[in-house]
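Remarks on the structure that follows.
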Amino acid sequence: MNGKSNEGQIKFWNEGPGSKWVKHQVGLDACFAKVSEHLLSKCSFQSNMEVVDIGCGAGATCFDLVGVNEEEINVTGVDVSKPLIEHAKGRLEKSGLTGISFKLMDVQNDQFPRQQYDLMVSRFGCMFFTNPVKAFKNIAQSIKPNGAMHFACWSTLDSNPWFSIPKSVAEARLGEGAPSAPREPGPMAFADHDYLGTILTEAGLSQFSLSNEKVIISTSYTIEEMALLASSLGPTVRLLNEKGGSEDDRKAIEEGVVDGFEQYKTSNGIEVPATIVFVSVLI
Ligand SMILES: C[S@@+](CC[C@H](N)C(=O)[O-])C[C@H]1O[C@@H](n2cnc3c(N)ncnc32)[C@H](O)[C@@H]1O
């Protein structure tokens, strides 16, 4: 396992991609609502419990946690991206909700308080650590004995047309990108259960379960809007950046993704199947 600093990821989430998540927050939250539903259904809640949301982004899971919970809980959302944390704080102010706070921090390298939280949750916020063992050790020591961690990650590219269709369309237009280093931080970094299991074990965690579950990405959005969202993330953006893709390339890719998503049109709108790795850890 490498001991590299997280500077590259911090830069990444504080520049273009962080701002993209801010720009598309409403659409992305609508798309991933079912992932949150699955994730939160795995958690048990008690009154006054302290919850931490790792890589909270614009705060979707924090708002869901407080919104759907009958128990009074306190949620701290932590993230390394200033634009996303600022956006989350703005949403909080407008919502009038209490029991939520947001904090800018690198969960891999910045100190967490010891045994502060009863529960850790994360929707797609744990796959971007350059040293995941260090990050999970750091997170785990902030959880109280008998506490739990529940997080969601993407499974393989092949089982997630949300990413694979835009990526193939972009490759057809721009050519293939440079091969990425194995296990590089990114959306699919934890698709391999054996690899993720090894990381958790090396971080000192022994009681965990991992399961692949099918979830639908669906919204009331048009196919064009869904194509725009899917083309604005992950491997497609990486390729566009690497190849210096133009505005015309971007538009052509979105049109190609509209064609690729046609097969997912249903009477309820666009329903893109996804495979998500859900991870539960007992401390
Ligand atoms: C794919 S986004 C998910 C955001 C949010 N959980 C959601 O589902 O909308 C990944 C998030 O992880 C955050 N992140 C990546 N590395 C991090 C680190 N080392 N410490 C804290 N947050 C991190 C990013 O800034 C980003 O907001």
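Each chain of the structure tokens is named A, B, ... in the order shown, its residues numbered from 1; ligands are numbered from 1 in display order.
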
Query raised in the report: Can I get the residues close to ligand 1 as JSON, numbers by chain, where close means within 6 Å and we count only C-alpha atoms and all ligand atoms?
Result: {"A": [13, 55, 56, 57, 58, 60, 79, 80, 81, 105, 106, 107, 108, 122, 123, 124, 125, 128, 129]}

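By only C-alpha atoms, and with residues fewer than 4 positions from Ser95 in chain A along its chain excluded, the set lying at most 12 Å from it is Gly59, Phe63, Val66, Gly67, Ala88, Lys89, Gly90, Arg91, Gly99 and Ile100 of chain A.
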
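Look at Ala227 in chain A: the protein and nucleic acid residues within 10 Å of it, using only C-alpha atoms and passing over chain neighbours fewer than 5 places away, are Trp162, Ile165, Pro166, Tyr221, Thr222, Ser232, Ile253, Glu254, Glu255, Gly256, Val257, Val258, Asp259, Gly260 and Phe261 of chain A.
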
Residue subset to file, keeping N, CA and C atoms, as a JSON list (two decimals), in the first residue's frame:
[["chain", "number", "residue", "atom", "x", "y", "z"],
["A", 162, "TRP", "N", -24.10, 3.62, -16.55],
["A", 162, "TRP", "CA", -24.05, 5.06, -16.23],
["A", 162, "TRP", "C", -22.66, 5.62, -16.55],
["A", 165, "ILE", "N", -21.28, 3.59, -20.77],
["A", 165, "ILE", "CA", -21.79, 4.13, -22.05],
["A", 165, "ILE", "C", -21.09, 5.46, -22.38],
["A", 166, "PRO", "N", -21.09, 6.45, -21.47],
["A", 166, "PRO", "CA", -20.38, 7.69, -21.80],
["A", 166, "PRO", "C", -18.90, 7.45, -22.11],
["A", 221, "TYR", "N", -36.04, 13.39, -15.07],
["A", 221, "TYR", "CA", -35.31, 14.19, -16.05],
["A", 221, "TYR", "C", -35.49, 13.63, -17.45],
["A", 222, "THR", "N", -35.25, 14.48, -18.45],
["A", 222, "THR", "CA", -35.29, 14.01, -19.83],
["A", 222, "THR", "C", -34.03, 13.19, -20.10],
["A", 232, "SER", "N", -20.78, 14.17, -17.38],
["A", 232, "SER", "CA", -20.06, 15.20, -16.63],
["A", 232, "SER", "C", -19.20, 14.64, -15.51],
["A", 253, "ILE", "N", -20.45, 13.92, -27.57],
["A", 253, "ILE", "CA", -20.48, 12.81, -26.59],
["A", 253, "ILE", "C", -21.85, 12.74, -25.93],
["A", 254, "GLU", "N", -22.36, 13.89, -25.54],
["A", 254, "GLU", "CA", -23.70, 13.89, -24.91],
["A", 254, "GLU", "C", -24.74, 13.31, -25.86],
["A", 255, "GLU", "N", -24.65, 13.66, -27.15],
["A", 255, "GLU", "CA", -25.63, 13.12, -28.12],
["A", 255, "GLU", "C", -25.49, 11.60, -28.23],
["A", 256, "GLY", "N", -24.23, 11.15, -28.23],
["A", 256, "GLY", "CA", -24.00, 9.70, -28.29],
["A", 256, "GLY", "C", -24.56, 8.99, -27.07],
["A", 257, "VAL", "N", -24.46, 9.65, -25.91],
["A", 257, "VAL", "CA", -24.96, 9.04, -24.67],
["A", 257, "VAL", "C", -26.50, 9.00, -24.70],
["A", 258, "VAL", "N", -27.12, 10.01, -25.31],
["A", 258, "VAL", "CA", -28.59, 9.97, -25.46],
["A", 258, "VAL", "C", -28.95, 8.69, -26.23],
["A", 259, "ASP", "N", -28.25, 8.42, -27.33],
["A", 259, "ASP", "CA", -28.53, 7.19, -28.11],
["A", 259, "ASP", "C", -28.31, 5.95, -27.24],
["A", 260, "GLY", "N", -27.21, 5.96, -26.49],
["A", 260, "GLY", "CA", -26.88, 4.80, -25.65],
["A", 260, "GLY", "C", -27.90, 4.56, -24.54],
["A", 261, "PHE", "N", -28.52, 5.64, -24.07],
["A", 261, "PHE", "CA", -29.48, 5.51, -22.96],
["A", 261, "PHE", "C", -30.90, 5.18, -23.45]]

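Distances from A:Asn48, A:Gly77, A:Leu229, A:Leu104 to Gln25 in chain A were compared using only C-alpha atoms, and the smallest one belongs to A:Leu229.
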
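Counting only C-alpha atoms and comparing A:Arg183, A:Lys144, A:Arg173, A:His87, the residue that lies closest to Pro113 in chain A is A:Lys144.
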
List every residue of range 56-223 of chain A that DSSP, applied to the backbone of this structure, assigns to strand (DSSP E), and report them as a PDB file with N, CA and C atoms, in the first residue's frame.
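Result written to states-v8.pdb:
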ATOM      1  N   ASN A  74     -27.468  13.652  15.483  1.00  0.00           N
ATOM      2  CA  ASN A  74     -26.564  14.728  15.057  1.00  0.00           C
ATOM      3  C   ASN A  74     -25.688  14.197  13.950  1.00  0.00           C
ATOM      4  N   VAL A  75     -25.631  14.918  12.862  1.00  0.00           N
ATOM      5  CA  VAL A  75     -24.854  14.455  11.716  1.00  0.00           C
ATOM      6  C   VAL A  75     -23.759  15.467  11.394  1.00  0.00           C
ATOM      7  N   THR A  76     -22.530  14.966  11.242  1.00  0.00           N
ATOM      8  CA  THR A  76     -21.426  15.817  10.802  1.00  0.00           C
ATOM      9  C   THR A  76     -21.004  15.340   9.413  1.00  0.00           C
ATOM     10  N   GLY A  77     -21.106  16.215   8.454  1.00  0.00           N
ATOM     11  CA  GLY A  77     -20.645  15.895   7.098  1.00  0.00           C
ATOM     12  C   GLY A  77     -19.224  16.413   6.943  1.00  0.00           C
ATOM     13  N   VAL A  78     -18.312  15.552   6.503  1.00  0.00           N
ATOM     14  CA  VAL A  78     -16.923  15.996   6.312  1.00  0.00           C
ATOM     15  C   VAL A  78     -16.509  15.761   4.869  1.00  0.00           C
ATOM     16  N   ASP A  79     -15.761  16.708   4.337  1.00  0.00           N
ATOM     17  CA  ASP A  79     -15.344  16.604   2.936  1.00  0.00           C
ATOM     18  C   ASP A  79     -14.118  17.479   2.714  1.00  0.00           C
ATOM     19  N   ILE A 100     -27.293  19.230  11.984  1.00  0.00           N
ATOM     20  CA  ILE A 100     -26.317  18.951  10.913  1.00  0.00           C
ATOM     21  C   ILE A 100     -25.207  19.993  10.993  1.00  0.00           C
ATOM     22  N   SER A 101     -23.960  19.542  10.827  1.00  0.00           N
ATOM     23  CA  SER A 101     -22.869  20.507  10.642  1.00  0.00           C
ATOM     24  C   SER A 101     -21.932  19.966   9.568  1.00  0.00           C
ATOM     25  N   PHE A 102     -21.194  20.855   8.958  1.00  0.00           N
ATOM     26  CA  PHE A 102     -20.274  20.460   7.886  1.00  0.00           C
ATOM     27  C   PHE A 102     -18.870  20.927   8.219  1.00  0.00           C
ATOM     28  N   LYS A 103     -17.890  20.094   7.860  1.00  0.00           N
ATOM     29  CA  LYS A 103     -16.508  20.421   8.197  1.00  0.00           C
ATOM     30  C   LYS A 103     -15.593  20.078   7.010  1.00  0.00           C
ATOM     31  N   LEU A 104     -14.709  21.020   6.703  1.00  0.00           N
ATOM     32  CA  LEU A 104     -13.728  20.777   5.642  1.00  0.00           C
ATOM     33  C   LEU A 104     -12.564  19.984   6.227  1.00  0.00           C
ATOM     34  N   TYR A 117     -18.040   9.090  17.180  1.00  0.00           N
ATOM     35  CA  TYR A 117     -19.276   8.809  16.447  1.00  0.00           C
ATOM     36  C   TYR A 117     -19.791   7.393  16.719  1.00  0.00           C
ATOM     37  N   ASP A 118     -21.135   7.256  16.629  1.00  0.00           N
ATOM     38  CA  ASP A 118     -21.744   5.930  16.758  1.00  0.00           C
ATOM     39  C   ASP A 118     -21.825   5.248  15.396  1.00  0.00           C
ATOM     40  N   LEU A 119     -21.887   6.059  14.359  1.00  0.00           N
ATOM     41  CA  LEU A 119     -22.161   5.516  13.024  1.00  0.00           C
ATOM     42  C   LEU A 119     -21.445   6.338  11.967  1.00  0.00           C
ATOM     43  N   MET A 120     -20.849   5.641  11.016  1.00  0.00           N
ATOM     44  CA  MET A 120     -20.293   6.319   9.840  1.00  0.00           C
ATOM     45  C   MET A 120     -21.116   5.890   8.635  1.00  0.00           C
ATOM     46  N   VAL A 121     -21.475   6.828   7.778  1.00  0.00           N
ATOM     47  CA  VAL A 121     -22.117   6.487   6.507  1.00  0.00           C
ATOM     48  C   VAL A 121     -21.362   7.203   5.388  1.00  0.00           C
ATOM     49  N   SER A 122     -21.462   6.681   4.192  1.00  0.00           N
ATOM     50  CA  SER A 122     -20.870   7.375   3.054  1.00  0.00           C
ATOM     51  C   SER A 122     -21.488   6.860   1.761  1.00  0.00           C
ATOM     52  N   ARG A 123     -21.971   7.801   0.961  1.00  0.00           N
ATOM     53  CA  ARG A 123     -22.447   7.452  -0.379  1.00  0.00           C
ATOM     54  C   ARG A 123     -21.373   7.921  -1.360  1.00  0.00           C
ATOM     55  N   ILE A 143     -14.811   6.029  15.572  1.00  0.00           N
ATOM     56  CA  ILE A 143     -16.102   5.367  15.849  1.00  0.00           C
ATOM     57  C   ILE A 143     -16.040   4.698  17.228  1.00  0.00           C
ATOM     58  N   LYS A 144     -17.142   4.814  17.980  1.00  0.00           N
ATOM     59  CA  LYS A 144     -17.188   4.232  19.330  1.00  0.00           C
ATOM     60  C   LYS A 144     -17.211   2.706  19.245  1.00  0.00           C
ATOM     61  N   PRO A 145     -16.744   2.026  20.297  1.00  0.00           N
ATOM     62  CA  PRO A 145     -16.856   0.564  20.321  1.00  0.00           C
ATOM     63  C   PRO A 145     -18.327   0.169  20.114  1.00  0.00           C
ATOM     64  N   ASN A 146     -18.538  -0.890  19.348  1.00  0.00           N
ATOM     65  CA  ASN A 146     -19.883  -1.377  18.970  1.00  0.00           C
ATOM     66  C   ASN A 146     -20.592  -0.460  17.971  1.00  0.00           C
ATOM     67  N   GLY A 147     -19.890   0.533  17.476  1.00  0.00           N
ATOM     68  CA  GLY A 147     -20.461   1.372  16.427  1.00  0.00           C
ATOM     69  C   GLY A 147     -20.386   0.654  15.083  1.00  0.00           C
ATOM     70  N   ALA A 148     -20.805   1.360  14.033  1.00  0.00           N
ATOM     71  CA  ALA A 148     -20.847   0.711  12.711  1.00  0.00           C
ATOM     72  C   ALA A 148     -20.482   1.695  11.610  1.00  0.00           C
ATOM     73  N   MET A 149     -20.048   1.114  10.498  1.00  0.00           N
ATOM     74  CA  MET A 149     -19.780   1.910   9.291  1.00  0.00           C
ATOM     75  C   MET A 149     -20.577   1.284   8.142  1.00  0.00           C
ATOM     76  N   HIS A 150     -21.286   2.102   7.387  1.00  0.00           N
ATOM     77  CA  HIS A 150     -22.010   1.592   6.208  1.00  0.00           C
ATOM     78  C   HIS A 150     -21.680   2.519   5.043  1.00  0.00           C
ATOM     79  N   PHE A 151     -21.132   1.973   3.983  1.00  0.00           N
ATOM     80  CA  PHE A 151     -20.831   2.842   2.842  1.00  0.00           C
ATOM     81  C   PHE A 151     -21.108   2.158   1.507  1.00  0.00           C
ATOM     82  N   ALA A 152     -21.319   3.016   0.494  1.00  0.00           N
ATOM     83  CA  ALA A 152     -21.668   2.529  -0.847  1.00  0.00           C
ATOM     84  C   ALA A 152     -20.596   2.951  -1.844  1.00  0.00           C
ATOM     85  N   CYS A 153     -20.196   1.993  -2.697  1.00  0.00           N
ATOM     86  CA  CYS A 153     -19.190   2.273  -3.741  1.00  0.00           C
ATOM     87  C   CYS A 153     -19.727   1.711  -5.061  1.00  0.00           C
ATOM     88  N   TRP A 154     -19.184   2.163  -6.149  1.00  0.00           N
ATOM     89  CA  TRP A 154     -19.568   1.601  -7.448  1.00  0.00           C
ATOM     90  C   TRP A 154     -18.916   0.237  -7.631  1.00  0.00           C
ATOM     91  N   GLN A 207     -14.702  -7.353  11.208  1.00  0.00           N
ATOM     92  CA  GLN A 207     -16.100  -7.781  11.059  1.00  0.00           C
ATOM     93  C   GLN A 207     -16.771  -6.947   9.969  1.00  0.00           C
ATOM     94  N   PHE A 208     -16.732  -7.449   8.743  1.00  0.00           N
ATOM     95  CA  PHE A 208     -17.369  -6.676   7.675  1.00  0.00           C
ATOM     96  C   PHE A 208     -18.061  -7.599   6.687  1.00  0.00           C
ATOM     97  N   SER A 209     -19.039  -7.034   5.978  1.00  0.00           N
ATOM     98  CA  SER A 209     -19.681  -7.775   4.889  1.00  0.00           C
ATOM     99  C   SER A 209     -19.782  -6.864   3.681  1.00  0.00           C
ATOM    100  N   LEU A 210     -19.656  -7.472   2.497  1.00  0.00           N
ATOM    101  CA  LEU A 210     -19.722  -6.711   1.253  1.00  0.00           C
ATOM    102  C   LEU A 210     -20.753  -7.394   0.353  1.00  0.00           C
ATOM    103  N   SER A 211     -21.647  -6.616  -0.231  1.00  0.00           N
ATOM    104  CA  SER A 211     -22.598  -7.247  -1.153  1.00  0.00           C
ATOM    105  C   SER A 211     -22.842  -6.344  -2.346  1.00  0.00           C
ATOM    106  N   ASN A 212     -22.931  -6.977  -3.513  1.00  0.00           N
ATOM    107  CA  ASN A 212     -23.279  -6.240  -4.725  1.00  0.00           C
ATOM    108  C   ASN A 212     -24.792  -6.220  -4.828  1.00  0.00           C
ATOM    109  N   GLU A 213     -25.350  -5.046  -5.008  1.00  0.00           N
ATOM    110  CA  GLU A 213     -26.810  -4.963  -5.131  1.00  0.00           C
ATOM    111  C   GLU A 213     -27.166  -4.118  -6.344  1.00  0.00           C
ATOM    112  N   LYS A 214     -28.271  -4.511  -6.974  1.00  0.00           N
ATOM    113  CA  LYS A 214     -28.759  -3.761  -8.147  1.00  0.00           C
ATOM    114  C   LYS A 214     -29.607  -2.595  -7.667  1.00  0.00           C
ATOM    115  N   VAL A 215     -29.336  -1.438  -8.210  1.00  0.00           N
ATOM    116  CA  VAL A 215     -30.094  -0.232  -7.864  1.00  0.00           C
ATOM    117  C   VAL A 215     -30.407   0.463  -9.187  1.00  0.00           C
ATOM    118  N   ILE A 216     -31.536   1.146  -9.224  1.00  0.00           N
ATOM    119  CA  ILE A 216     -31.880   1.858 -10.463  1.00  0.00           C
ATOM    120  C   ILE A 216     -31.539   3.344 -10.309  1.00  0.00           C
ATOM    121  N   ILE A 217     -30.873   3.883 -11.329  1.00  0.00           N
ATOM    122  CA  ILE A 217     -30.650   5.337 -11.372  1.00  0.00           C
ATOM    123  C   ILE A 217     -31.789   5.908 -12.213  1.00  0.00           C
ATOM    124  N   SER A 218     -32.690   6.603 -11.563  1.00  0.00           N
ATOM    125  CA  SER A 218     -33.827   7.122 -12.333  1.00  0.00           C
ATOM    126  C   SER A 218     -34.227   8.487 -11.810  1.00  0.00           C
TER     127      SER A 218
END

Report task. Would you mind listing what lies within 10 Å of range 27-29 of chain A as a list in words, with only C-alpha atoms counted and same-chain residues fewer than 2 positions away left out? Result -> Trp21, Val22, Lys23, His24, Gln25, Cys31, Phe32, Ala33, Lys34, Val35, Ser36, Ala58, Gly59, Ala60, Thr61, Ile217, Thr219, Ser220, Tyr221, Glu225, Met226, Leu228, Leu229 and Ala230 of chain A

Write out as a PDB file with C-alpha atoms, in the first residue's frame which residues come within 6 Å of range 186-202 of chain A when counting only C-alpha atoms, dropping same-chain ones fewer than 2 positions away.
ATOM      1  CA  MET A 127     -13.042   5.524  -3.145  1.00  0.00           C
ATOM      2  CA  PHE A 128     -10.714   8.472  -3.572  1.00  0.00           C
ATOM      3  CA  VAL A 133      -5.602   1.803   4.717  1.00  0.00           C
ATOM      4  CA  TRP A 154     -19.568   1.601  -7.448  1.00  0.00           C
ATOM      5  CA  SER A 155     -19.053  -1.942  -8.689  1.00  0.00           C
ATOM      6  CA  THR A 156     -17.289  -2.651 -12.010  1.00  0.00           C
ATOM      7  CA  ARG A 183      -6.308   0.426  -7.912  1.00  0.00           C
ATOM      8  CA  GLY A 204      -7.604  -3.406  11.553  1.00  0.00           C
ATOM      9  CA  LEU A 205     -11.272  -4.041  10.737  1.00  0.00           C
ATOM     10  CA  SER A 206     -12.304  -7.688  10.905  1.00  0.00           C
TER      11      SER A 206
END

**Report entry** Residue among A:Ile73, A:Val52, A:Ala140, A:Leu65 lying closest to Ala203 in chain A, counting only C-alpha atoms
**Finding:** A:Ala140

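The nearest approach to Ser41 in chain A among the residues A:Glu72, A:Glu262, A:Glu242, A:Asp64, with only C-alpha atoms taken into account, belongs to A:Asp64.
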
Query raised in the report: Neighbours of Asn160 in chain A within 7 Å (only C-alpha atoms; same-chain residues fewer than 2 positions away dropped), as a ChimeraX atom specification?
Result: /A:156-158,162-164,273-275

**Report entry** DSSP-assigned alpha helix (DSSP H) among range 26-168 of chain A, expressed as a ChimeraX atom specification
**Finding:** /A:26-31,33-41,60-68,82-95,132-140,161-168

Query - Atom-to-atom span, CA of Ser246 in chain A and CA of Gly18 in chain A, Å - result: 20.3 Å
